[in-house]
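Down below is the structure, laid out as structure tokens.
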Amino acid sequence: FLMASSFVLRSDDSCPDLVRDVFLSRGFRQFDEEEDDDLLGWNVFWRSSHFPQRYQDLLLPHQRLTHFANSNVITRKDRLLRSLRRMQKVHGTEVYDYFPVGYILPGDYTKFVDACQRNPSAIWICKPANLSRGRGISLLRDMNDLRYDGLAVVQRYIPDPLLVSGYKFDLRLYVAVVSFLPLSVYIHEQGLARFATEKFNLSRLDNVYSHLTNTSINKYSSSYAQGKEGVGFGCKW
């Protein structure tokens, strides 16, 4: 990261202090919303939420935003599923075979009911389309247990996932996409593993500490602070 004494960082309250400090330590000046007369006099605009289209339309060659336009086609669960379905049609299911069958509710409700009738022993996982940190997620075997409020994605639950000492886990890799055309991606040399805090058990589908790996949920588990076989204390590597 080169020193950039003439560059300007614009940010809102959602910008983490660490991110702001890194920019400032590299010579960026903080944009002042009250003092700076030129509202376009910045180089990087950092915010956690997406930018309205007007920011994309007014973007100058020397400016960068922290979100690409329409990037939620891969970051929202319902739109990601639509994108994957589209890729299956274009490239075939042999290439795009790495995700469970899923349905977007309420639009695919009839198709989901039919799938449940054809697979009476299947377990399903239902997730709100636009929530994070494990909020609103539920597992079910019986259609009568289905609960959702607004857009949701329901998928076939994997009954035999890869486990570490009996605990479910996920891997989180961090990448920075600087261009989609041409595609240019930087991947961080380190990643993160998140673990459930109770061993995987299909006999209790309502046990979030067994089936979900979100830290925001597992930090409330009675097992969180205990040493767990193969995992250790807490729920992160």
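By convention here, the chains of the structure tokens are called A, B, ... in the order presented, each chain's residues are numbered starting at 1, and ligands are numbered starting at 1 in the order presented.
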
Q) Near Lys127 in chain A, counting only C-alpha atoms, which residues have an atom at most 6 Å away, once you skip same-chain residues fewer than 2 positions from it, shown as a list of chain:residue names? A)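 Final neighbour list, sorted by chain and number: A:Ile137, A:Ala152, A:Val153.
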
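For range 16-76 of chain A, a DSSP pass over the backbone yields helix (DSSP H, G or I) at Asp17, Leu18, Val19, Arg20, Asp21, Val22, Phe23, Leu24, Ser25, Gln53, Arg54, Tyr55, Gln56, Asp57, Asn72, Val73, Ile74 and Thr75 of chain A.
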
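Counting from CA of Val208 in chain A, the distance to CA of Cys126 in chain A is 12.8 Å.
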
(Q) Just checking: using only C-alpha atoms, which residue out of A:Lys89, A:Asp145, A:Ser179, A:Leu105 ends up closest to Ala69 in chain A? (A)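 Closest candidate: A:Ser179.
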
Q: Identify all residues of range 7-195 of chain A in strand (DSSP E) (DSSP on the backbone) and supply them as a PyMOL selection string.
A: chain A and resi 8-11+29-30+44-46+64-65+102-105+124-128+138-140+152-156+163-164+167-180+183-195

Q: Might you pull out every residue within 7 Å of Asp170 in chain A, with only C-alpha atoms counted and same-chain residues fewer than 4 positions away left off, and present them as an MDAnalysis selection string?
A: chainID A and resid 193:195 213

Keeping only all heavy atoms, write the selected residues to a file as a PDB file, in the first residue's frame.
```pdb
ATOM      1  N   ALA A 193     -11.900 -20.506  10.650  1.00  0.00           N
ATOM      2  CA  ALA A 193     -12.797 -21.653  10.810  1.00  0.00           C
ATOM      3  C   ALA A 193     -13.701 -21.374  12.000  1.00  0.00           C
ATOM      4  O   ALA A 193     -13.234 -20.971  13.064  1.00  0.00           O
ATOM      5  CB  ALA A 193     -12.007 -22.935  11.030  1.00  0.00           C
ATOM      6  N   ARG A 194     -15.004 -21.580  11.818  1.00  0.00           N
ATOM      7  CA  ARG A 194     -15.975 -21.358  12.893  1.00  0.00           C
ATOM      8  C   ARG A 194     -16.655 -22.692  13.209  1.00  0.00           C
ATOM      9  O   ARG A 194     -17.026 -23.435  12.301  1.00  0.00           O
ATOM     10  CB  ARG A 194     -17.025 -20.319  12.481  1.00  0.00           C
ATOM     11  CG  ARG A 194     -16.438 -18.986  12.042  1.00  0.00           C
ATOM     12  CD  ARG A 194     -17.523 -17.973  11.739  1.00  0.00           C
ATOM     13  NE  ARG A 194     -18.486 -18.492  10.768  1.00  0.00           N
ATOM     14  CZ  ARG A 194     -19.617 -17.874  10.429  1.00  0.00           C
ATOM     15  NH1 ARG A 194     -19.928 -16.725  10.995  1.00  0.00           N
ATOM     16  NH2 ARG A 194     -20.435 -18.404   9.530  1.00  0.00           N
ATOM     17  N   PHE A 195     -16.822 -22.951  14.490  1.00  0.00           N
ATOM     18  CA  PHE A 195     -17.334 -24.250  14.925  1.00  0.00           C
ATOM     19  C   PHE A 195     -18.641 -24.109  15.692  1.00  0.00           C
ATOM     20  O   PHE A 195     -18.882 -23.107  16.384  1.00  0.00           O
ATOM     21  CB  PHE A 195     -16.312 -24.940  15.839  1.00  0.00           C
ATOM     22  CG  PHE A 195     -15.067 -25.374  15.143  1.00  0.00           C
ATOM     23  CD1 PHE A 195     -14.020 -24.483  14.965  1.00  0.00           C
ATOM     24  CD2 PHE A 195     -14.934 -26.661  14.651  1.00  0.00           C
ATOM     25  CE1 PHE A 195     -12.862 -24.868  14.317  1.00  0.00           C
ATOM     26  CE2 PHE A 195     -13.777 -27.065  14.005  1.00  0.00           C
ATOM     27  CZ  PHE A 195     -12.736 -26.163  13.838  1.00  0.00           C
ATOM     28  N   THR A 213     -23.023 -22.529  12.953  1.00  0.00           N
ATOM     29  CA  THR A 213     -21.639 -22.216  13.308  1.00  0.00           C
ATOM     30  C   THR A 213     -21.423 -20.728  13.548  1.00  0.00           C
ATOM     31  O   THR A 213     -20.284 -20.303  13.766  1.00  0.00           O
ATOM     32  CB  THR A 213     -20.686 -22.684  12.187  1.00  0.00           C
ATOM     33  OG1 THR A 213     -21.084 -22.084  10.942  1.00  0.00           O
ATOM     34  CG2 THR A 213     -20.723 -24.192  12.044  1.00  0.00           C
TER      35      THR A 213
END
```

Q: Go through A:Ser83, A:His211, A:Leu39, A:Pro128 one by one, measure the shortest atom-to-atom distance of each to Tyr55 in chain A using only C-alpha atoms, and give the residue with the smallest value.
A: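 Ranking A:Ser83, A:His211, A:Leu39, A:Pro128 by distance to Tyr55 in chain A, first place goes to A:Leu39.
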
**Q.** Atom pair CA of Gln56 in chain A / CA of Arg172 in chain A: separation (Å)
**A.** 28.9 Å

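Using only C-alpha atoms, the shortest contact distance between Leu212 in chain A and any of A:Cys15, A:Val73, A:Ala196, A:Ala129 is found at A:Ala196.
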
Q: List the neighbours of range 59-64 of chain A out to 8 Å using only C-alpha atoms; skip same-chain residues closer than 2 positions along the sequence, and give me the result as a list of chain:residue names.
A: A:Trp42, A:Asn43, A:Val44, A:Phe45, A:Tyr55, A:Gln56, A:Asp57, A:Thr66

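In this model, the gap between CA of Gly150 in chain A and CA of Asp12 in chain A comes to 29.1 Å.
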